[in-house]
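Peer 1: My structure is stored as upload11.csv, with CSV, C-alpha atoms and all ligand atoms.
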```csv
chain,number,residue,atom,x,y,z
A,30,MET,CA,137.1,110.1,120.8
A,31,GLN,CA,133.7,108.6,120.4
A,32,GLN,CA,132.0,109.6,117.1
A,33,VAL,CA,128.3,110.6,117.1
A,34,TYR,CA,126.8,110.7,113.6
A,35,LEU,CA,124.0,113.3,113.5
A,36,ASN,CA,123.9,114.0,109.8
A,37,ASN,CA,121.3,111.4,108.8
A,38,ALA,CA,119.3,114.0,106.9
A,39,ALA,CA,122.1,114.1,104.3
A,40,THR,CA,122.6,110.3,104.2
A,41,SER,CA,122.0,107.7,106.9
A,42,PHE,CA,124.9,106.1,108.8
A,43,PRO,CA,125.5,103.4,109.8
A,44,LYS,CA,123.6,101.1,107.5
A,45,PRO,CA,122.2,97.8,109.0
A,46,PRO,CA,124.5,94.8,108.6
A,47,GLN,CA,121.8,93.2,106.4
A,48,VAL,CA,122.2,96.1,103.9
A,49,VAL,CA,126.0,95.7,103.8
A,50,LYS,CA,125.6,91.9,103.3
A,51,ALA,CA,123.1,92.4,100.5
A,52,VAL,CA,125.4,94.8,98.6
A,53,ASN,CA,128.4,92.5,99.1
A,54,GLU,CA,126.5,89.4,97.9
A,55,ALA,CA,125.3,91.3,94.8
A,56,LEU,CA,128.9,92.4,94.0
A,57,LEU,CA,130.3,88.9,94.7
A,58,ASN,CA,127.7,86.8,93.0
A,59,MET,CA,126.0,88.8,90.3
A,60,GLY,CA,128.1,89.3,87.3
A,61,GLY,CA,125.1,90.2,85.0
A,62,SER,CA,122.9,93.2,84.6
A,63,PRO,CA,119.1,93.0,84.7
A,64,GLY,CA,117.8,92.2,81.2
A,65,ARG,CA,121.3,92.1,79.7
A,66,GLY,CA,121.8,88.4,78.9
A,67,GLY,CA,120.0,85.2,79.4
A,68,GLN,CA,122.6,83.6,81.7
A,69,ARG,CA,122.0,82.8,85.3
A,70,MET,CA,123.8,85.7,86.8
A,71,SER,CA,121.8,88.2,84.7
A,72,GLN,CA,118.6,86.5,85.6
A,73,ALA,CA,119.5,86.7,89.3
A,74,ALA,CA,120.1,90.4,88.9
A,75,SER,CA,116.7,90.8,87.1
A,76,GLN,CA,115.0,89.0,90.0
A,77,THR,CA,116.8,91.1,92.6
A,78,VAL,CA,115.6,94.3,91.0
A,79,ARG,CA,112.1,92.9,90.5
A,80,GLN,CA,111.8,91.8,94.1
A,81,ALA,CA,113.1,95.2,95.4
A,82,ARG,CA,110.4,96.9,93.3
A,83,GLU,CA,107.8,94.7,94.8
A,84,GLU,CA,109.0,95.2,98.4
A,85,ILE,CA,109.1,99.0,98.0
A,86,ALA,CA,105.6,99.0,96.4
A,87,ARG,CA,104.2,96.9,99.3
A,88,PHE,CA,105.9,99.2,101.9
A,89,PHE,CA,104.3,102.3,100.5
A,90,GLY,CA,100.9,100.8,99.6
A,91,ALA,CA,101.5,101.1,95.9
A,92,PRO,CA,99.3,98.6,94.0
A,93,ASP,CA,101.6,98.1,90.9
A,94,PRO,CA,105.4,97.6,91.4
A,95,ARG,CA,106.1,98.4,87.8
A,96,ARG,CA,105.3,102.0,88.7
A,97,VAL,CA,108.2,102.2,91.1
A,98,ILE,CA,111.0,103.7,89.0
A,99,PHE,CA,114.6,103.4,90.3
A,100,THR,CA,116.7,106.6,90.3
A,101,LEU,CA,120.0,107.7,91.7
A,102,ASN,CA,118.6,109.7,94.5
A,103,ALA,CA,115.6,111.9,95.4
A,104,THR,CA,116.8,114.7,93.2
A,105,GLU,CA,116.7,112.5,90.1
A,106,ALA,CA,113.2,111.3,91.1
A,107,LEU,CA,112.0,114.9,91.5
A,108,ASN,CA,113.5,115.9,88.2
A,109,LEU,CA,111.9,113.0,86.4
A,110,ALA,CA,108.5,114.0,87.9
A,111,LEU,CA,108.8,117.8,87.3
A,112,HIS,CA,110.4,117.7,83.8
A,113,GLY,CA,108.4,114.7,82.8
A,114,PHE,CA,105.0,116.2,83.8
A,115,LEU,CA,105.0,119.9,83.3
A,116,ARG,CA,104.4,121.7,80.0
A,117,PRO,CA,104.4,125.3,78.8
A,118,GLY,CA,101.6,127.3,80.4
A,119,ASP,CA,101.3,125.0,83.4
A,120,HIS,CA,101.1,126.5,86.9
A,121,VAL,CA,102.5,124.7,90.0
A,122,VAL,CA,101.5,125.2,93.6
A,123,THR,CA,104.5,124.7,95.9
A,124,THR,CA,105.8,126.1,99.2
A,125,VAL,CA,108.8,128.1,100.5
A,126,MET,CA,109.8,125.0,102.5
A,127,GLU,CA,111.1,123.2,99.4
A,128,HIS,CA,114.6,121.9,98.8
A,129,ASN,CA,116.7,123.1,95.8
A,130,SER,CA,115.8,119.7,94.2
A,131,VAL,CA,112.3,121.2,93.6
A,132,LEU,CA,113.1,124.9,93.5
A,133,ARG,CA,115.8,124.6,90.8
A,134,PRO,CA,113.9,122.4,88.4
A,135,LEU,CA,110.9,124.7,88.7
A,136,LYS,CA,113.2,127.7,88.1
A,137,THR,CA,114.6,126.0,84.9
A,138,LEU,CA,111.0,125.2,83.8
A,139,GLU,CA,110.2,128.9,83.9
A,140,LYS,CA,112.2,129.1,80.7
A,141,ILE,CA,109.5,127.1,78.9
A,142,GLY,CA,106.6,129.0,80.5
A,143,VAL,CA,105.9,127.1,83.6
A,144,THR,CA,104.9,129.3,86.5
A,145,SER,CA,104.6,128.6,90.2
A,146,THR,CA,103.2,130.0,93.4
A,147,ARG,CA,105.3,129.5,96.5
A,148,VAL,CA,102.9,129.3,99.5
A,149,GLU,CA,104.3,131.0,102.6
A,150,ALA,CA,104.9,129.1,105.9
A,151,SER,CA,104.5,130.0,109.5
A,152,PRO,CA,107.6,130.8,111.5
A,153,ASP,CA,107.9,127.1,112.5
A,154,GLY,CA,107.6,125.9,108.9
A,155,TRP,CA,103.9,124.9,108.8
A,156,VAL,CA,101.6,125.2,105.8
A,157,GLU,CA,97.9,124.8,106.0
A,158,PRO,CA,96.1,122.8,103.3
A,159,ARG,CA,93.7,125.8,102.8
A,160,GLN,CA,96.7,128.0,101.9
A,161,ILE,CA,97.5,125.5,99.2
A,162,GLU,CA,93.9,125.6,98.0
A,163,LYS,CA,93.9,129.4,97.8
A,164,ALA,CA,96.9,129.3,95.5
A,165,ILE,CA,95.3,127.1,92.9
A,166,ASN,CA,94.3,128.8,89.7
A,167,VAL,CA,92.8,127.7,86.4
A,168,ASN,CA,96.2,126.7,85.0
A,169,SER,CA,97.3,124.8,88.1
A,170,ARG,CA,98.4,121.3,87.0
A,171,LEU,CA,100.6,120.1,89.9
A,172,ILE,CA,101.0,120.5,93.6
A,173,VAL,CA,104.4,119.8,95.0
A,174,THR,CA,105.5,119.9,98.7
A,175,ILE,CA,107.9,118.3,101.0
A,176,HIS,CA,106.7,115.9,103.6
A,177,GLY,CA,109.3,116.7,106.2
A,178,SER,CA,111.6,119.8,106.2
A,179,ASN,CA,115.3,119.2,106.1
A,180,VAL,CA,115.8,122.4,108.0
A,181,THR,CA,113.1,122.8,110.6
A,182,GLY,CA,112.0,119.2,110.7
A,183,THR,CA,108.4,120.3,110.3
A,184,MET,CA,106.0,117.7,108.9
A,185,LEU,CA,103.5,119.1,106.5
A,186,PRO,CA,99.9,117.7,106.5
A,187,ILE,CA,100.2,115.7,103.3
A,188,GLU,CA,96.8,113.9,103.8
A,189,GLY,CA,95.1,117.3,104.0
A,190,ILE,CA,97.0,118.6,101.0
A,191,GLY,CA,96.2,115.3,99.2
A,192,ASP,CA,92.5,116.0,99.9
A,193,VAL,CA,92.8,119.4,98.3
A,194,ALA,CA,94.6,117.9,95.4
A,195,ARG,CA,91.9,115.3,94.9
A,196,LYS,CA,89.1,117.8,95.3
A,197,HIS,CA,90.5,119.9,92.5
A,198,GLY,CA,91.7,117.0,90.3
A,199,ILE,CA,95.3,118.1,90.5
A,200,PRO,CA,98.1,115.6,90.9
A,201,TYR,CA,100.2,115.8,94.1
A,202,LEU,CA,104.0,115.2,94.1
A,203,VAL,CA,105.4,114.6,97.5
A,204,ASP,CA,109.1,115.0,98.3
A,205,ALA,CA,109.6,112.4,101.0
A,206,ALA,CA,113.3,112.8,101.3
A,207,GLN,CA,113.2,113.2,105.1
A,208,THR,CA,110.3,110.9,105.9
A,209,ALA,CA,110.5,107.7,103.8
A,210,GLY,CA,111.3,104.8,106.1
A,211,ILE,CA,110.8,107.0,109.2
A,212,VAL,CA,107.1,108.0,109.1
A,213,PRO,CA,104.4,105.7,107.7
A,214,ILE,CA,103.4,106.7,104.1
A,215,ASN,CA,100.6,105.1,102.1
A,216,VAL,CA,100.4,106.6,98.6
A,217,LYS,CA,96.7,105.5,98.3
A,218,THR,CA,95.3,106.9,101.5
A,219,ALA,CA,97.4,110.1,101.3
A,220,GLY,CA,96.2,110.8,97.7
A,221,ILE,CA,99.8,110.9,96.4
A,222,SER,CA,100.2,110.8,92.6
A,223,LEU,CA,104.0,111.0,92.6
A,224,LEU,CA,106.3,110.1,95.5
A,225,ALA,CA,110.0,110.9,95.3
A,226,CYS,CA,112.2,109.1,97.8
A,227,PRO,CA,115.9,108.7,98.4
A,228,GLY,CA,117.1,105.2,99.1
A,229,HIS,CA,120.1,106.3,101.1
A,230,LYS,CA,118.5,108.3,104.0
A,231,GLY,CA,115.6,106.9,106.1
A,232,LEU,CA,115.3,103.7,104.0
A,233,LEU,CA,118.9,102.9,105.1
A,234,GLY,CA,120.1,101.8,101.6
A,235,PRO,CA,123.4,102.7,100.0
A,236,GLN,CA,124.1,106.0,98.3
A,237,GLY,CA,123.2,106.1,94.6
A,238,THR,CA,119.7,104.8,95.3
A,239,GLY,CA,116.2,106.3,95.2
A,240,PHE,CA,113.0,106.0,93.4
A,241,LEU,CA,109.9,107.7,92.0
A,242,TYR,CA,106.4,106.1,92.4
A,243,ILE,CA,104.0,107.1,89.6
A,244,SER,CA,100.3,106.5,90.1
A,245,GLU,CA,98.2,104.8,87.3
A,246,ASP,CA,96.7,108.0,86.1
A,247,ILE,CA,100.0,109.8,85.5
A,248,ASP,CA,102.0,109.7,82.3
A,249,LEU,CA,105.5,111.3,82.4
A,250,GLU,CA,107.7,112.1,79.4
A,251,PRO,CA,110.9,110.2,80.0
A,252,TYR,CA,113.8,112.6,80.2
A,253,LYS,CA,116.4,110.1,79.2
A,254,GLN,CA,116.4,107.5,76.4
A,255,GLY,CA,118.6,104.5,75.8
A,256,GLY,CA,119.1,100.8,76.3
A,257,THR,CA,116.5,99.0,78.4
A,258,GLY,CA,117.6,95.4,78.0
A,259,ALA,CA,114.3,94.3,76.6
A,260,TYR,CA,112.5,95.8,73.5
A,261,SER,CA,115.9,96.4,71.7
A,262,GLU,CA,114.1,96.2,68.3
A,263,LEU,CA,112.3,99.5,68.9
A,264,GLU,CA,113.9,102.7,67.6
A,265,THR,CA,112.0,104.7,70.2
A,266,GLN,CA,111.8,104.5,74.0
A,267,PRO,CA,109.4,101.6,75.0
A,268,GLU,CA,106.1,102.7,76.4
A,269,ILE,CA,106.1,99.8,78.9
A,270,LEU,CA,106.9,100.3,82.5
A,271,PRO,CA,109.3,100.4,84.2
A,272,GLU,CA,111.5,100.4,81.1
A,273,ARG,CA,110.0,103.6,79.8
A,274,TYR,CA,111.9,105.5,82.6
A,275,GLU,CA,114.9,103.2,83.4
A,276,SER,CA,117.4,103.5,80.5
A,277,GLY,CA,120.9,102.2,81.2
A,278,SER,CA,122.3,99.6,83.5
A,279,HIS,CA,120.9,99.4,86.9
A,280,ASN,CA,122.7,99.9,90.2
A,281,THR,CA,121.9,96.3,91.1
A,282,PRO,CA,124.1,96.1,94.2
A,283,GLY,CA,122.7,99.4,95.5
A,284,ILE,CA,119.1,98.3,94.8
A,285,ALA,CA,119.8,95.0,96.5
A,286,GLY,CA,121.0,97.0,99.5
A,287,LEU,CA,118.0,99.3,99.4
A,288,ALA,CA,115.6,96.3,99.4
A,289,ALA,CA,117.5,94.9,102.5
A,290,GLY,CA,117.0,98.4,104.1
A,291,VAL,CA,113.3,98.3,103.4
A,292,ARG,CA,113.1,94.7,104.8
A,293,PHE,CA,114.9,95.8,107.9
A,294,ILE,CA,112.4,98.6,108.5
A,295,ALA,CA,109.4,96.5,107.7
A,296,ASP,CA,110.6,93.8,110.1
A,297,ILE,CA,111.0,96.3,113.0
A,298,GLY,CA,107.9,98.2,111.9
A,299,VAL,CA,107.9,101.8,110.7
A,300,ASP,CA,105.8,102.7,113.7
A,301,GLN,CA,108.5,101.5,116.1
A,302,ILE,CA,111.1,103.4,114.1
A,303,ARG,CA,109.1,106.5,114.3
A,304,ALA,CA,108.5,106.0,118.0
A,305,LYS,CA,112.2,105.7,118.8
A,306,GLU,CA,113.0,108.7,116.6
A,307,LYS,CA,110.4,110.7,118.4
A,308,HIS,CA,111.7,109.8,121.8
A,309,LEU,CA,115.3,110.8,120.8
A,310,THR,CA,114.0,114.0,119.3
A,311,GLU,CA,112.1,114.8,122.5
A,312,LEU,CA,115.3,114.2,124.5
A,313,LEU,CA,117.4,116.4,122.3
A,314,ILE,CA,114.8,119.2,122.2
A,315,LYS,CA,114.4,119.1,125.9
A,316,GLY,CA,118.2,119.3,126.4
A,317,LEU,CA,118.8,122.1,123.9
A,318,ARG,CA,115.9,124.4,124.6
A,319,ASP,CA,117.1,125.4,128.1
A,320,ILE,CA,120.7,126.3,127.0
A,321,PRO,CA,121.1,130.1,127.4
A,322,GLY,CA,121.7,131.9,124.1
A,323,LEU,CA,120.5,129.0,122.0
A,324,ARG,CA,117.7,129.4,119.6
A,325,LEU,CA,115.8,126.3,118.3
A,326,TYR,CA,113.8,126.3,115.0
A,327,GLY,CA,110.8,124.3,114.0
A,328,PRO,CA,107.9,122.9,116.1
A,329,LEU,CA,108.7,121.7,119.6
A,330,ASP,CA,105.8,119.2,119.4
A,331,THR,CA,107.3,115.9,118.1
A,332,ASP,CA,104.0,114.8,116.6
A,333,ARG,CA,104.5,117.7,114.1
A,334,ARG,CA,108.1,117.1,113.3
A,335,VAL,CA,110.8,114.6,112.4
A,336,GLY,CA,114.3,114.3,114.0
A,337,VAL,CA,115.9,117.1,112.0
A,338,ILE,CA,116.8,119.8,114.5
A,339,SER,CA,118.2,123.1,113.6
A,340,PHE,CA,119.6,125.7,116.1
A,341,ASN,CA,121.9,128.6,116.4
A,342,ILE,CA,123.9,130.0,119.3
A,343,ASN,CA,123.6,133.7,119.6
A,344,GLY,CA,126.7,135.5,118.4
A,345,MET,CA,128.3,132.4,116.8
A,346,ASP,CA,128.6,131.4,113.2
A,347,PRO,CA,126.9,128.0,112.6
A,348,ALA,CA,130.1,126.9,110.7
A,349,THR,CA,132.2,127.5,113.8
A,350,VAL,CA,129.7,125.6,116.0
A,351,GLY,CA,129.7,122.7,113.6
A,352,GLU,CA,133.5,122.5,113.6
A,353,LEU,CA,133.7,122.7,117.4
A,354,LEU,CA,131.1,120.0,117.7
A,355,GLU,CA,133.2,117.7,115.6
A,356,ASP,CA,136.7,118.7,116.9
A,357,GLN,CA,135.8,118.7,120.6
A,358,GLY,CA,132.9,116.2,120.8
A,359,GLY,CA,133.2,113.9,117.8
A,360,ILE,CA,129.7,115.0,116.7
A,361,ILE,CA,129.0,115.0,113.0
A,362,SER,CA,126.5,117.7,112.2
A,363,ARG,CA,125.8,119.9,109.2
A,364,HIS,CA,125.8,123.7,109.1
A,365,GLY,CA,124.7,126.3,106.5
A,366,LEU,CA,121.6,126.6,104.3
A,367,HIS,CA,121.1,122.8,103.8
A,368,CYS,CA,120.1,123.4,100.1
A,369,ALA,CA,116.8,125.0,101.2
A,370,PRO,CA,117.5,128.7,101.0
A,371,LEU,CA,113.9,130.0,101.2
A,372,VAL,CA,113.3,128.2,104.5
A,373,HIS,CA,115.9,130.5,106.1
A,374,HIS,CA,113.9,133.6,105.1
A,375,VAL,CA,111.0,132.0,107.0
A,376,ILE,CA,113.0,131.3,110.2
A,377,GLY,CA,115.3,134.4,109.9
A,378,THR,CA,118.6,132.7,109.4
A,379,PHE,CA,119.5,133.7,105.9
A,380,PRO,CA,122.4,133.8,104.8
A,381,ALA,CA,124.3,132.2,107.7
A,382,GLY,CA,122.0,129.2,108.0
A,383,THR,CA,121.8,126.9,111.0
A,384,VAL,CA,123.6,124.1,112.7
A,385,ARG,CA,121.6,120.9,112.0
A,386,LEU,CA,121.5,117.7,114.0
A,387,SER,CA,119.6,114.9,112.3
A,388,LEU,CA,118.9,111.5,114.0
A,389,SER,CA,118.4,107.9,113.0
A,390,TYR,CA,117.1,104.7,114.5
A,391,PHE,CA,120.7,103.8,115.4
A,392,ASN,CA,121.3,106.8,117.7
A,393,THR,CA,121.2,106.3,121.5
A,394,GLU,CA,120.2,108.2,124.5
A,395,SER,CA,123.8,108.5,125.7
A,396,GLU,CA,124.7,110.1,122.3
A,397,ILE,CA,122.0,112.6,122.8
A,398,ASP,CA,123.2,113.4,126.4
A,399,HIS,CA,126.7,113.8,125.1
A,400,THR,CA,125.5,116.1,122.3
A,401,VAL,CA,123.5,118.3,124.6
A,402,GLU,CA,126.5,118.6,127.0
A,403,MET,CA,128.8,119.6,124.2
A,404,VAL,CA,126.4,122.2,122.7
A,405,ALA,CA,125.9,123.6,126.2
A,406,ARG,CA,129.7,123.8,126.7
A,407,ILE,CA,130.2,125.6,123.4
A,408,ALA,CA,127.3,128.0,124.1
A,409,ARG,CA,128.8,128.8,127.6
A,410,ARG,CA,132.2,129.7,126.2
A,411,GLY,CA,131.0,131.2,123.0
A,412,TYR,CA,131.0,134.9,123.8
A,413,SER,CA,134.3,135.1,125.5
A,414,SER,CA,136.4,132.9,123.2
A,415,PRO,CA,138.3,133.4,120.0
A,416,TRP,CA,135.5,131.4,118.2
A,417,TYR,CA,133.2,134.4,118.6
A,418,THR,CA,132.4,136.1,115.4
A,419,ALA,CA,130.5,139.3,114.9
A,420,LEU,CA,127.8,137.5,113.1
A,421,THR,CA,124.5,137.5,115.0
A,422,VAL,CA,121.8,135.3,113.8
A,423,SER,CA,118.4,136.9,114.2
B,501,LIG,C1,113.7,117.7,101.5
B,501,LIG,C2,114.8,117.2,100.6
B,501,LIG,N1,114.5,117.0,99.2
B,501,LIG,C3,115.4,116.5,98.4
B,501,LIG,C4,116.6,116.1,98.8
B,501,LIG,C5,117.6,115.5,97.8
B,501,LIG,O1,117.9,114.2,98.1
B,501,LIG,P1,119.0,113.4,97.4
B,501,LIG,O2,120.3,113.8,98.1
B,501,LIG,O3,118.7,111.9,97.6
B,501,LIG,O4,119.0,113.8,96.0
B,501,LIG,C6,117.0,116.3,100.1
B,501,LIG,C7,118.3,115.9,100.6
B,501,LIG,O5,118.8,116.4,101.6
B,501,LIG,C8,116.0,116.8,101.0
B,501,LIG,O6,116.3,117.0,102.3
```
Show how you would write the structure in this file as structure tokens.
Ligand SMILES: Cc1ncc(COP(=O)(O)O)c(C=O)c1O
Peer 2:
Amino acid sequence: MQQVYLNNAATSFPKPPQVVKAVNEALLNMGGSPGRGGQRMSQAASQTVRQAREEIARFFGAPDPRRVIFTLNATEALNLALHGFLRPGDHVVTTVMEHNSVLRPLKTLEKIGVTSTRVEASPDGWVEPRQIEKAINVNSRLIVTIHGSNVTGTMLPIEGIGDVARKHGIPYLVDAAQTAGIVPINVKTAGISLLACPGHKGLLGPQGTGFLYISEDIDLEPYKQGGTGAYSELETQPEILPERYESGSHNTPGIAGLAAGVRFIADIGVDQIRAKEKHLTELLIKGLRDIPGLRLYGPLDTDRRVGVISFNINGMDPATVGELLEDQGGIISRHGLHCAPLVHHVIGTFPAGTVRLSLSYFNTESEIDHTVEMVARIARRGYSSPWYTALTVS
């Protein structure tokens, strides 16, 4: 059976051949770790990591590559930003659209006296910049929002929120887990102080990669300390970037792959990637919206969303639909809450969640047609079959 991979919001697949080649070459040829030895292999590893930093900085319009800090994933980048920046008494403006990678660190930070306001969203997941502005108080020290929702696909107006942040002199942390590599982002024009990105989703790099961009006016407390290759004589963590935040050996093969992913996207052009993703999203939405008994979530207008599409079939448990899609159609989806529980209160799908289909540049029109046909078939048979469960999603 043909396999259709529609779980790119979790991690993208397949990766471009250039990414696989770059990881392979790093594993085959680079015995050293960046900054850990003067021999040729170690220097080559240092150069690979340095170049990757430069390419990422260029891609996101960041003036200083040393302010691109490599992490394991978006979660680690968000934790570095939140734990590194917030202090007792600080207030954070955030939204109900956030992933647990923001909600949980903020919950943990409550223990040291950090408070937050979660701005409500419209039923399709939209938040107006003026709602963010209204939530600001005298103690507000950070604004943090997603760029694209990993449940509804809704894209928040980060430029407008960035304007609010600038107007009030409050740094803005953007969780670009669902948009980096898919939607153009320029940290300067969008007024972003901190940008958290996975390397393994839209940027098409391997798992175990991600980064945090930190603007020049932000200083974070490093939340790990240790060997940095250089500055070994110091008893304390070096102040210099990027070493201040990058203790321990790097994931050099992963970073080499991430750089190859960024090059792949830059060569095609992020606008082209976005255009193709929008086209496929449109096809999928058009096909799904007319299926009787199916409920789609998030905006229908593809200018306001990314290719992350959640739905439910009335009377069917999302887990069952997900299993049927895979067993009968070879379609890899994801079902449940997608680590963003508050979003499901907004769209009325808590606690069962949704079935989520998430696209990538590599999906095809025929895969979308096949998916629509399979979902329609499951919806048609749903009520009368043993798959039916009493669970009705509102
Ligand atoms: C909106 C959002 N934020 C953060 C994350 C965490 O990303 P990672 O898996 O790279 O830690 C995800 C992952 O799905 C996400 O969708």
Peer 1: Near segment 253-264 of chain A, within 10 Å and counting all atoms listed in the file, which residues show up once chain neighbours fewer than 3 positions away are dropped, as an MDAnalysis selection string?
Peer 2: chainID A and resid 62:66 109 113 250 267:269 271:279
Peer 1: Find the residues near ligand LIG 501 (chain B). Use a cut-off of 10 Å, count only C-alpha atoms and all ligand atoms, and write them as a PyMOL selection string.
Peer 2: chain A and resi 36-40+100-108+126-132+174-180+182+203-208+225-230+236-240+337+367-369
Peer 1: Find the residue from A:Ile247, A:Val173, A:Ile314, A:Ala304 that sits nearest to Gly191 of chain A; use only C-alpha atoms when measuring.
Peer 2: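 Smallest separation from Gly191 of chain A among the options: A:Val173.
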Peer 1: Could you jot down the atom CA of Ala381 of chain A to atom CA of Ala408 of chain A separation for me, Å, one decimal place?
Peer 2: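 Taking atom CA of Ala381 of chain A and atom CA of Ala408 of chain A, their separation equals 17.2 Å.
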Peer 1: Report, in Å with one decimal, the straight-line distance from atom CA of His364 of chain A to atom CA of Gly210 of chain A.
Peer 2: 24.0 Å
Peer 1: I'd like to know which of A:Ile187, A:Met403, A:Leu115, A:Ile397 is closest to Asn168 of chain A, using all atoms listed in the file.
Peer 2: A:Leu115
Peer 1: Rank A:Thr123, A:Ser151, A:Thr331, A:Asn166 by their smallest atom-to-atom distance to Ile190 of chain A, using all atoms listed in the file, and report the top residue only.
Peer 2: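 Looking at the shortest contact to Ile190 of chain A, the residue is A:Thr123.
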Peer 1: Measuring atom to atom with all atoms listed in the file, identify which of A:Gly327, A:Pro117, A:Gly290, A:Gly411 is nearest to Thr349 of chain A.
Peer 2: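 Going through A:Gly327, A:Pro117, A:Gly290, A:Gly411 one by one, the smallest distance to Thr349 of chain A is for A:Gly411.
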Peer 1: Using all atoms listed in the file, which residues sit within 12 Å of segment 356-361 of chain A once same-chain residues fewer than 6 positions away are excluded, as a PyMOL selection string?
Peer 2: chain A and resi 30-42+349-350+384-388+392+396-407
Peer 1: Mind giving me the straight-line distance from atom CA of Ala295 of chain A to atom CA of Val97 of chain A in Å, one decimal?
Peer 2: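 So the answer is 17.6 Å.
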Peer 1: Restricting the calculation to only C-alpha atoms, which member of A:Pro213, A:Ala91, A:Asn343, A:Gly220 is positioned closest to Arg410 of chain A?
Peer 2: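 Of A:Pro213, A:Ala91, A:Asn343, A:Gly220, the one nearest Arg410 of chain A is A:Asn343, counting only C-alpha atoms.
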Peer 1: Identify, on the basis of all atoms listed in the file, every residue whose closest approach to Thr218 of chain A does not exceed 10 Å; exclude the query and any residue fewer than 5 positions from it along the same chain; express the result as a count of residues only.
Peer 2: 4
Peer 1: So which residues are close to (115.0, 112.0, 115.2), meaning at most 6 Å away in the file's coordinates with all atoms listed in the file counted, and can you show them as a list in words?
Peer 2: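 With a cut-off of 6 Å, the residues come to Glu306, Lys307, Leu309, Thr310, Val335, Gly336, Leu388 and Ser389 of chain A.
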Peer 1: Which residues are close to segment 76-80 of chain A, i.e. within 7 Å by only C-alpha atoms, leaving aside same-chain residues fewer than 6 positions away? Reply as number ranges by chain.
Peer 2: A: 281, 284-285
Peer 1: Choose the residue, out of A:Arg409, A:Arg133, A:Arg159, A:Lys50, that has the smallest atom-to-atom separation from Leu111 of chain A; count only C-alpha atoms.
Peer 2: A:Arg133
